[in-house]
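One file, entry-v4.txt, carrying compact mmCIF, N, CA and C atoms:
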```txt
# COMPACT_ATOMS: atom_id res chain seq x y z
N MET R 19 -14.99 -126.80 101.02
CA MET R 19 -14.37 -126.34 102.24
C MET R 19 -14.46 -127.44 103.28
N ASN R 20 -13.42 -127.64 104.02
CA ASN R 20 -13.37 -128.67 105.04
C ASN R 20 -14.29 -128.30 106.19
N GLY R 21 -15.28 -129.12 106.46
CA GLY R 21 -16.25 -128.83 107.51
C GLY R 21 -15.69 -128.95 108.91
N ASN R 22 -14.49 -129.50 109.06
CA ASN R 22 -13.91 -129.67 110.37
C ASN R 22 -13.12 -128.45 110.84
N ARG R 23 -13.00 -127.44 110.03
CA ARG R 23 -12.26 -126.24 110.42
C ARG R 23 -13.02 -125.48 111.48
N TYR R 24 -12.27 -125.01 112.47
CA TYR R 24 -12.89 -124.17 113.50
C TYR R 24 -13.17 -122.80 112.92
N LYS R 25 -14.32 -122.26 113.21
CA LYS R 25 -14.67 -120.92 112.75
C LYS R 25 -14.39 -119.95 113.88
N THR R 26 -13.14 -119.52 113.96
CA THR R 26 -12.75 -118.61 115.02
C THR R 26 -13.02 -117.17 114.60
N ARG R 27 -13.06 -116.29 115.58
CA ARG R 27 -13.23 -114.87 115.31
C ARG R 27 -12.10 -114.37 114.41
N GLN R 28 -10.87 -114.80 114.71
CA GLN R 28 -9.73 -114.34 113.92
C GLN R 28 -9.81 -114.84 112.48
N ARG R 29 -10.21 -116.07 112.30
CA ARG R 29 -10.36 -116.62 110.96
C ARG R 29 -11.38 -115.80 110.17
N GLU R 30 -12.51 -115.52 110.81
CA GLU R 30 -13.57 -114.76 110.13
C GLU R 30 -13.13 -113.33 109.84
N GLU R 31 -12.39 -112.70 110.74
CA GLU R 31 -11.90 -111.34 110.50
C GLU R 31 -10.94 -111.29 109.32
N ILE R 32 -10.04 -112.27 109.27
CA ILE R 32 -9.08 -112.31 108.16
C ILE R 32 -9.81 -112.55 106.84
N LEU R 33 -10.73 -113.50 106.83
CA LEU R 33 -11.48 -113.80 105.62
C LEU R 33 -12.33 -112.61 105.19
N ASP R 34 -12.97 -111.95 106.14
CA ASP R 34 -13.78 -110.76 105.80
C ASP R 34 -12.91 -109.68 105.18
N TYR R 35 -11.70 -109.49 105.73
CA TYR R 35 -10.81 -108.47 105.18
C TYR R 35 -10.40 -108.85 103.75
N LEU R 36 -10.04 -110.12 103.54
CA LEU R 36 -9.65 -110.56 102.20
C LEU R 36 -10.79 -110.37 101.21
N LYS R 37 -12.02 -110.65 101.65
CA LYS R 37 -13.18 -110.44 100.77
C LYS R 37 -13.35 -108.96 100.44
N SER R 38 -13.04 -108.10 101.40
CA SER R 38 -13.21 -106.66 101.19
C SER R 38 -12.21 -106.10 100.19
N ILE R 39 -11.10 -106.80 99.98
CA ILE R 39 -10.09 -106.35 99.01
C ILE R 39 -10.02 -107.33 97.83
N ARG R 40 -11.13 -107.95 97.55
CA ARG R 40 -11.24 -108.94 96.46
C ARG R 40 -10.55 -108.41 95.20
N GLY R 41 -9.76 -109.29 94.58
CA GLY R 41 -9.05 -108.90 93.36
C GLY R 41 -7.70 -108.27 93.63
N THR R 42 -7.33 -108.13 94.90
CA THR R 42 -6.06 -107.52 95.29
C THR R 42 -5.13 -108.59 95.83
N HIS R 43 -3.87 -108.48 95.50
CA HIS R 43 -2.86 -109.39 96.02
C HIS R 43 -2.24 -108.74 97.25
N ILE R 44 -2.01 -109.52 98.29
CA ILE R 44 -1.47 -109.00 99.53
C ILE R 44 -0.50 -110.02 100.12
N THR R 45 0.57 -109.54 100.73
CA THR R 45 1.50 -110.45 101.40
C THR R 45 0.99 -110.71 102.81
N ALA R 46 1.49 -111.77 103.41
CA ALA R 46 1.11 -112.09 104.79
C ALA R 46 1.53 -110.95 105.72
N LYS R 47 2.68 -110.36 105.46
CA LYS R 47 3.17 -109.25 106.29
C LYS R 47 2.23 -108.04 106.20
N GLU R 48 1.80 -107.73 104.98
CA GLU R 48 0.87 -106.60 104.79
C GLU R 48 -0.46 -106.89 105.47
N LEU R 49 -0.93 -108.13 105.35
CA LEU R 49 -2.18 -108.51 105.97
C LEU R 49 -2.07 -108.43 107.48
N SER R 50 -1.00 -108.93 108.02
CA SER R 50 -0.78 -108.90 109.47
C SER R 50 -0.78 -107.46 109.99
N ALA R 51 -0.18 -106.55 109.22
CA ALA R 51 -0.12 -105.14 109.62
C ALA R 51 -1.52 -104.53 109.72
N GLN R 52 -2.47 -105.02 108.93
CA GLN R 52 -3.84 -104.51 108.97
C GLN R 52 -4.51 -104.76 110.32
N PHE R 53 -4.03 -105.76 111.03
CA PHE R 53 -4.66 -106.15 112.29
C PHE R 53 -3.86 -105.75 113.53
N GLN R 54 -2.76 -105.04 113.35
CA GLN R 54 -1.91 -104.71 114.50
C GLN R 54 -2.42 -103.54 115.33
N ASP R 55 -3.11 -102.62 114.75
CA ASP R 55 -3.57 -101.42 115.46
C ASP R 55 -4.97 -101.59 116.05
N ARG R 56 -5.34 -102.79 116.36
CA ARG R 56 -6.66 -103.08 116.92
C ARG R 56 -6.55 -103.33 118.41
N GLU R 57 -7.68 -103.28 119.04
CA GLU R 57 -7.73 -103.57 120.47
C GLU R 57 -7.24 -105.00 120.74
N ARG R 58 -7.66 -105.91 119.86
CA ARG R 58 -7.21 -107.31 119.97
C ARG R 58 -6.54 -107.69 118.65
N PRO R 59 -5.22 -107.39 118.53
CA PRO R 59 -4.54 -107.68 117.27
C PRO R 59 -4.46 -109.18 116.98
N ILE R 60 -4.31 -109.50 115.71
CA ILE R 60 -4.14 -110.88 115.29
C ILE R 60 -2.65 -111.08 115.02
N GLY R 61 -2.05 -112.05 115.65
CA GLY R 61 -0.62 -112.30 115.53
C GLY R 61 -0.22 -112.75 114.14
N THR R 62 1.03 -112.48 113.81
CA THR R 62 1.56 -112.83 112.50
C THR R 62 1.50 -114.34 112.25
N ALA R 63 1.81 -115.14 113.25
CA ALA R 63 1.76 -116.60 113.09
C ALA R 63 0.35 -117.05 112.76
N THR R 64 -0.64 -116.44 113.39
CA THR R 64 -2.04 -116.78 113.11
C THR R 64 -2.41 -116.41 111.68
N VAL R 65 -1.94 -115.25 111.22
CA VAL R 65 -2.22 -114.81 109.85
C VAL R 65 -1.64 -115.83 108.87
N TYR R 66 -0.38 -116.20 109.06
CA TYR R 66 0.24 -117.19 108.17
C TYR R 66 -0.53 -118.51 108.18
N ARG R 67 -0.86 -118.98 109.37
CA ARG R 67 -1.57 -120.25 109.51
C ARG R 67 -2.92 -120.21 108.81
N GLN R 68 -3.66 -119.12 109.00
CA GLN R 68 -4.97 -119.00 108.36
C GLN R 68 -4.84 -118.91 106.85
N LEU R 69 -3.86 -118.16 106.37
CA LEU R 69 -3.67 -118.05 104.92
C LEU R 69 -3.39 -119.41 104.31
N GLU R 70 -2.54 -120.19 104.94
CA GLU R 70 -2.23 -121.51 104.42
C GLU R 70 -3.46 -122.42 104.44
N GLN R 71 -4.29 -122.29 105.46
CA GLN R 71 -5.53 -123.06 105.50
C GLN R 71 -6.47 -122.64 104.38
N PHE R 72 -6.56 -121.33 104.15
CA PHE R 72 -7.41 -120.84 103.06
C PHE R 72 -6.90 -121.36 101.71
N VAL R 73 -5.57 -121.38 101.53
CA VAL R 73 -4.98 -121.90 100.29
C VAL R 73 -5.36 -123.37 100.14
N GLU R 74 -5.21 -124.13 101.21
CA GLU R 74 -5.55 -125.55 101.19
C GLU R 74 -7.01 -125.77 100.84
N GLU R 75 -7.88 -124.88 101.30
CA GLU R 75 -9.32 -124.99 101.04
C GLU R 75 -9.71 -124.47 99.66
N GLY R 76 -8.78 -123.79 98.99
CA GLY R 76 -9.05 -123.29 97.64
C GLY R 76 -9.78 -121.97 97.58
N ILE R 77 -9.88 -121.26 98.70
CA ILE R 77 -10.57 -119.97 98.68
C ILE R 77 -9.59 -118.80 98.60
N VAL R 78 -8.32 -119.09 98.71
CA VAL R 78 -7.27 -118.09 98.54
C VAL R 78 -6.21 -118.70 97.65
N TYR R 79 -5.74 -117.93 96.68
CA TYR R 79 -4.63 -118.37 95.85
C TYR R 79 -3.34 -117.77 96.39
N LYS R 80 -2.28 -118.53 96.26
CA LYS R 80 -0.96 -118.10 96.70
C LYS R 80 -0.07 -118.00 95.49
N TYR R 81 0.60 -116.86 95.32
CA TYR R 81 1.48 -116.62 94.20
C TYR R 81 2.88 -116.27 94.71
N THR R 82 3.89 -116.87 94.12
CA THR R 82 5.27 -116.45 94.36
C THR R 82 5.82 -116.10 92.99
N LEU R 83 6.06 -114.82 92.78
CA LEU R 83 6.39 -114.36 91.44
C LEU R 83 7.85 -114.56 91.07
N ALA R 84 8.74 -114.40 92.02
CA ALA R 84 10.16 -114.55 91.73
C ALA R 84 10.87 -115.05 92.98
N ALA R 85 11.97 -115.73 92.77
CA ALA R 85 12.75 -116.23 93.90
C ALA R 85 13.13 -115.05 94.79
N GLY R 86 12.92 -115.23 96.07
CA GLY R 86 13.25 -114.17 97.02
C GLY R 86 12.10 -113.23 97.33
N ASP R 87 11.07 -113.22 96.48
CA ASP R 87 9.90 -112.37 96.73
C ASP R 87 9.01 -113.02 97.78
N SER R 88 8.32 -112.20 98.53
CA SER R 88 7.32 -112.72 99.46
C SER R 88 6.13 -113.24 98.65
N ALA R 89 5.52 -114.28 99.16
CA ALA R 89 4.32 -114.81 98.51
C ALA R 89 3.19 -113.81 98.61
N CYS R 90 2.37 -113.75 97.59
CA CYS R 90 1.17 -112.92 97.59
C CYS R 90 -0.04 -113.85 97.70
N TYR R 91 -1.07 -113.34 98.34
CA TYR R 91 -2.30 -114.10 98.52
C TYR R 91 -3.45 -113.29 97.97
N GLU R 92 -4.45 -114.00 97.47
CA GLU R 92 -5.63 -113.33 96.93
C GLU R 92 -6.86 -114.18 97.19
N TYR R 93 -7.89 -113.55 97.71
CA TYR R 93 -9.18 -114.21 97.90
C TYR R 93 -9.82 -114.42 96.55
N VAL R 94 -10.28 -115.64 96.29
CA VAL R 94 -10.94 -115.95 95.03
C VAL R 94 -12.24 -116.67 95.35
N PRO R 95 -13.36 -115.97 95.22
CA PRO R 95 -14.64 -116.62 95.52
C PRO R 95 -14.93 -117.76 94.55
N GLU R 96 -15.75 -118.68 95.01
CA GLU R 96 -16.04 -119.88 94.23
C GLU R 96 -16.59 -119.56 92.84
N GLU R 97 -17.41 -118.52 92.72
CA GLU R 97 -17.98 -118.21 91.42
C GLU R 97 -16.91 -117.79 90.41
N ASP R 98 -15.74 -117.33 90.87
CA ASP R 98 -14.67 -116.94 89.95
C ASP R 98 -13.93 -118.15 89.41
N HIS R 99 -14.09 -119.32 90.01
CA HIS R 99 -13.41 -120.52 89.54
C HIS R 99 -13.97 -120.98 88.20
N GLN R 100 -15.17 -120.56 87.85
CA GLN R 100 -15.81 -120.98 86.61
C GLN R 100 -15.26 -120.25 85.39
N HIS R 101 -14.48 -119.20 85.58
CA HIS R 101 -13.97 -118.42 84.46
C HIS R 101 -12.81 -119.09 83.75
N GLY R 102 -12.40 -120.26 84.20
CA GLY R 102 -11.29 -120.94 83.56
C GLY R 102 -9.96 -120.39 84.05
N SER R 103 -8.98 -120.47 83.19
CA SER R 103 -7.63 -120.09 83.57
C SER R 103 -7.51 -118.59 83.78
N CYS R 104 -6.67 -118.25 84.72
CA CYS R 104 -6.40 -116.84 85.02
C CYS R 104 -4.90 -116.64 84.97
N PHE R 105 -4.48 -115.84 84.04
CA PHE R 105 -3.06 -115.50 83.91
C PHE R 105 -2.85 -114.15 84.58
N HIS R 106 -1.59 -113.75 84.70
CA HIS R 106 -1.27 -112.50 85.40
C HIS R 106 -0.36 -111.63 84.57
N CYS R 107 -0.48 -110.34 84.78
CA CYS R 107 0.42 -109.35 84.19
C CYS R 107 1.04 -108.58 85.35
N LYS R 108 2.35 -108.33 85.25
CA LYS R 108 3.03 -107.56 86.29
C LYS R 108 3.78 -106.42 85.64
N CYS R 109 3.51 -105.22 86.16
CA CYS R 109 4.20 -104.04 85.65
C CYS R 109 5.62 -104.01 86.22
N GLU R 110 6.59 -103.86 85.33
CA GLU R 110 7.98 -103.82 85.75
C GLU R 110 8.38 -102.49 86.38
N LYS R 111 7.53 -101.48 86.26
CA LYS R 111 7.85 -100.18 86.88
C LYS R 111 7.22 -100.04 88.26
N CYS R 112 5.90 -100.21 88.35
CA CYS R 112 5.22 -99.98 89.63
C CYS R 112 4.97 -101.26 90.43
N GLY R 113 5.14 -102.41 89.78
CA GLY R 113 4.95 -103.69 90.47
C GLY R 113 3.52 -104.16 90.56
N GLN R 114 2.59 -103.40 89.97
CA GLN R 114 1.18 -103.82 90.00
C GLN R 114 1.02 -105.19 89.36
N LEU R 115 0.20 -106.03 90.00
CA LEU R 115 -0.09 -107.36 89.49
C LEU R 115 -1.59 -107.43 89.26
N PHE R 116 -2.00 -107.83 88.06
CA PHE R 116 -3.42 -107.94 87.81
C PHE R 116 -3.73 -109.17 86.99
N HIS R 117 -4.99 -109.58 87.07
CA HIS R 117 -5.45 -110.78 86.38
C HIS R 117 -5.78 -110.50 84.93
N MET R 118 -5.66 -111.56 84.15
CA MET R 118 -6.02 -111.46 82.75
C MET R 118 -6.71 -112.78 82.36
N HIS R 119 -7.95 -112.69 81.96
CA HIS R 119 -8.67 -113.84 81.44
C HIS R 119 -8.66 -113.71 79.92
N SER R 120 -8.24 -114.76 79.25
CA SER R 120 -8.14 -114.69 77.80
C SER R 120 -8.46 -116.04 77.20
N GLU R 121 -9.44 -116.05 76.31
CA GLU R 121 -9.78 -117.29 75.62
C GLU R 121 -8.61 -117.77 74.76
N GLN R 122 -7.86 -116.84 74.16
CA GLN R 122 -6.74 -117.22 73.33
C GLN R 122 -5.64 -117.90 74.15
N LEU R 123 -5.40 -117.38 75.35
CA LEU R 123 -4.38 -118.02 76.20
C LEU R 123 -4.86 -119.37 76.71
N GLU R 124 -6.15 -119.49 76.96
CA GLU R 124 -6.69 -120.79 77.37
C GLU R 124 -6.54 -121.80 76.24
N GLU R 125 -6.72 -121.35 74.99
CA GLU R 125 -6.52 -122.23 73.84
C GLU R 125 -5.05 -122.63 73.73
N MET R 126 -4.15 -121.68 73.97
CA MET R 126 -2.72 -121.98 73.93
C MET R 126 -2.37 -122.99 75.03
N GLU R 127 -2.98 -122.83 76.19
CA GLU R 127 -2.76 -123.76 77.30
C GLU R 127 -3.19 -125.18 76.88
N LYS R 128 -4.33 -125.28 76.22
CA LYS R 128 -4.81 -126.58 75.75
C LYS R 128 -3.89 -127.17 74.68
N GLU R 129 -3.41 -126.32 73.79
CA GLU R 129 -2.50 -126.78 72.74
C GLU R 129 -1.19 -127.30 73.33
N LEU R 130 -0.65 -126.60 74.30
CA LEU R 130 0.57 -127.06 74.96
C LEU R 130 0.37 -128.43 75.60
N ALA R 131 -0.80 -128.62 76.18
CA ALA R 131 -1.11 -129.91 76.81
C ALA R 131 -1.24 -131.01 75.75
N ALA R 132 -1.95 -130.71 74.67
CA ALA R 132 -2.20 -131.73 73.65
C ALA R 132 -0.96 -132.04 72.81
N ARG R 133 -0.28 -131.01 72.36
CA ARG R 133 0.83 -131.20 71.44
C ARG R 133 2.13 -131.57 72.16
N TYR R 134 2.39 -130.93 73.31
CA TYR R 134 3.68 -131.12 73.97
C TYR R 134 3.57 -131.86 75.31
N HIS R 135 2.34 -132.23 75.68
CA HIS R 135 2.12 -132.93 76.95
C HIS R 135 2.70 -132.13 78.11
N PHE R 136 2.45 -130.83 78.06
CA PHE R 136 2.97 -129.90 79.06
C PHE R 136 1.80 -129.18 79.71
N ALA R 137 1.69 -129.31 81.01
CA ALA R 137 0.58 -128.68 81.75
C ALA R 137 1.05 -127.34 82.32
N VAL R 138 0.50 -126.28 81.80
CA VAL R 138 0.80 -124.94 82.28
C VAL R 138 0.02 -124.69 83.57
N ASP R 139 0.65 -124.05 84.52
CA ASP R 139 -0.04 -123.63 85.74
C ASP R 139 -0.35 -122.14 85.57
N PRO R 140 -1.57 -121.79 85.15
CA PRO R 140 -1.89 -120.39 84.88
C PRO R 140 -1.79 -119.50 86.10
N ARG R 141 -1.96 -120.06 87.30
CA ARG R 141 -1.85 -119.24 88.49
C ARG R 141 -0.41 -118.80 88.73
N ARG R 142 0.53 -119.45 88.07
CA ARG R 142 1.94 -119.08 88.22
C ARG R 142 2.52 -118.50 86.94
N THR R 143 1.66 -118.26 85.96
CA THR R 143 2.12 -117.71 84.69
C THR R 143 1.95 -116.21 84.71
N VAL R 144 3.07 -115.52 84.55
CA VAL R 144 3.08 -114.06 84.66
C VAL R 144 3.71 -113.46 83.41
N PHE R 145 3.03 -112.48 82.83
CA PHE R 145 3.55 -111.72 81.71
C PHE R 145 4.07 -110.40 82.27
N TYR R 146 5.31 -110.07 81.94
CA TYR R 146 5.92 -108.85 82.43
C TYR R 146 5.89 -107.79 81.35
N GLY R 147 5.69 -106.55 81.76
CA GLY R 147 5.65 -105.44 80.82
C GLY R 147 5.40 -104.15 81.59
N ILE R 148 4.83 -103.19 80.92
CA ILE R 148 4.56 -101.87 81.51
C ILE R 148 3.06 -101.62 81.46
N CYS R 149 2.47 -101.27 82.61
CA CYS R 149 1.03 -101.01 82.66
C CYS R 149 0.70 -99.68 81.97
N GLU R 150 -0.55 -99.49 81.70
CA GLU R 150 -1.00 -98.29 80.99
C GLU R 150 -0.64 -97.02 81.74
N GLN R 151 -0.82 -97.04 83.07
CA GLN R 151 -0.53 -95.85 83.87
C GLN R 151 0.96 -95.48 83.80
N CYS R 152 1.83 -96.48 83.93
CA CYS R 152 3.28 -96.21 83.89
C CYS R 152 3.73 -95.83 82.48
N ALA R 153 3.01 -96.28 81.48
CA ALA R 153 3.36 -95.95 80.11
C ALA R 153 2.82 -94.57 79.73
N GLY R 154 2.20 -93.89 80.68
CA GLY R 154 1.67 -92.56 80.41
C GLY R 154 0.35 -92.57 79.69
N GLY R 155 -0.36 -93.68 79.80
CA GLY R 155 -1.68 -93.78 79.18
C GLY R 155 -1.63 -94.10 77.71
N ALA R 156 -0.44 -94.15 77.13
CA ALA R 156 -0.33 -94.42 75.70
C ALA R 156 -0.32 -95.92 75.47
N ARG R 157 -1.31 -96.41 74.82
CA ARG R 157 -1.39 -97.84 74.49
C ARG R 157 -1.95 -97.98 73.11
```
Output the file's structure in the form of structure tokens.
Amino acid sequence: MNGNRYKTRQREEILDYLKSIRGTHITAKELSAQFQDRERPIGTATVYRQLEQFVEEGIVYKYTLAAGDSACYEYVPEEDHQHGSCFHCKCEKCGQLFHMHSEQLEEMEKELAARYHFAVDPRRTVFYGICEQCAGGAR
């Protein structure tokens, strides 16, 4: 983390909120809405600026799933970086996005790099399908 960053109240409030929803993807608009009904709301421009700083610092990941979609952000604590690659699954019915850690996919990622000299970006790799809940629990 860059030691020159100012530790403002707003920065800490946004980071605390992101930590409280760890593992959840949220858009800047959704995040901004969380702070609008407060005595001292945090402006949308501040939310965007802080999110981009967090992305730059590596404590928040930014995902854009499809052209035209709003970017999603997710707090990722440092200890989660040790788990290796993280792929994503997105339900085509409800839109839920969740993480998937898989040794087999990490091996495939390595094979693509070795055999085809192609570097996969797992943070942008999304598998589309139907989640268990939308499928009626039948899996």
Could you pull the residues within 7 Å of region 79-89 of chain R, counting only N, CA and C atoms, minus those fewer than 3 positions along the same chain, as a PyMOL selection string?
-> chain R and resi 44-46+72-73+76+92-94+141-142
Give me, please, the distance in Å between CA of Lys47 (chain R) and CA of Tyr66 (chain R), quoted to one decimal.
->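 Separation of CA of Lys47 (chain R) and CA of Tyr66 (chain R): 8.7 Å.
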By how many Å are CA of Ile148 (chain R) and atom C of Phe116 (chain R) apart?
->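 Result for CA of Ile148 (chain R) versus atom C of Phe116 (chain R): 12.3 Å, one decimal.
Look at everything within 12 Å of (-2.7, -127.6, 85.7) using only C-alpha atoms, and the residues you get are Gly102, Ser103, Cys104, Glu124, Glu127, Lys128, Leu130, Ala131, His135, Phe136, Ala137, Val138, Asp139, Pro140, Arg141, Arg142 and Thr143 of chain R.
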Just how far from atom N of Arg58 (chain R) is CA of Glu70 (chain R), in Å to one decimal?
-> 22.6 Å
Backbone DSSP call of strand (DSSP E or B) for chain R, listed as a PyMOL selection string = chain R and resi 44-45+78-81+90-93+105-109+115-118+144-147
Counting only N, CA and C atoms, the option among R:His106, R:Glu48, R:Glu74, R:Thr64 closest to Val144 (chain R) =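 Closest to Val144 (chain R), using only N, CA and C atoms: R:His106.
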Alpha helix (DSSP H) residues, from DSSP on the backbone, in chain R, as a VMD selection string = chain R and resid 27 to 38 46 to 52 62 to 75 121 to 134
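Nearest residue to Val65 (chain R) among R:Ala153, R:Val78, R:Ser50, R:His119 is R:Ser50, counting all atoms listed in the file.
With distances taken over all atoms listed in the file, R:Pro95 is the one residue among R:Pro95, R:Glu110, R:Gln54, R:Leu69 lying closest to Lys37 (chain R).
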Kindly indicate which residue among R:Cys149, R:Gly41, R:Phe53, R:Thr26 lies nearest to Lys111 (chain R), using only N, CA and C atoms for the distances.
-> R:Cys149
Counting only C-alpha atoms, the residue among R:Cys109, R:Cys90, R:Ala132, R:Met118 that lies closest to His43 (chain R) is R:Cys90
Between R:Arg67, R:Arg27, R:His117, R:Lys108, which is the closest to Arg40 (chain R) once you count only C-alpha atoms?
->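 Among the listed residues, the smallest separation from Arg40 (chain R) belongs to R:His117.
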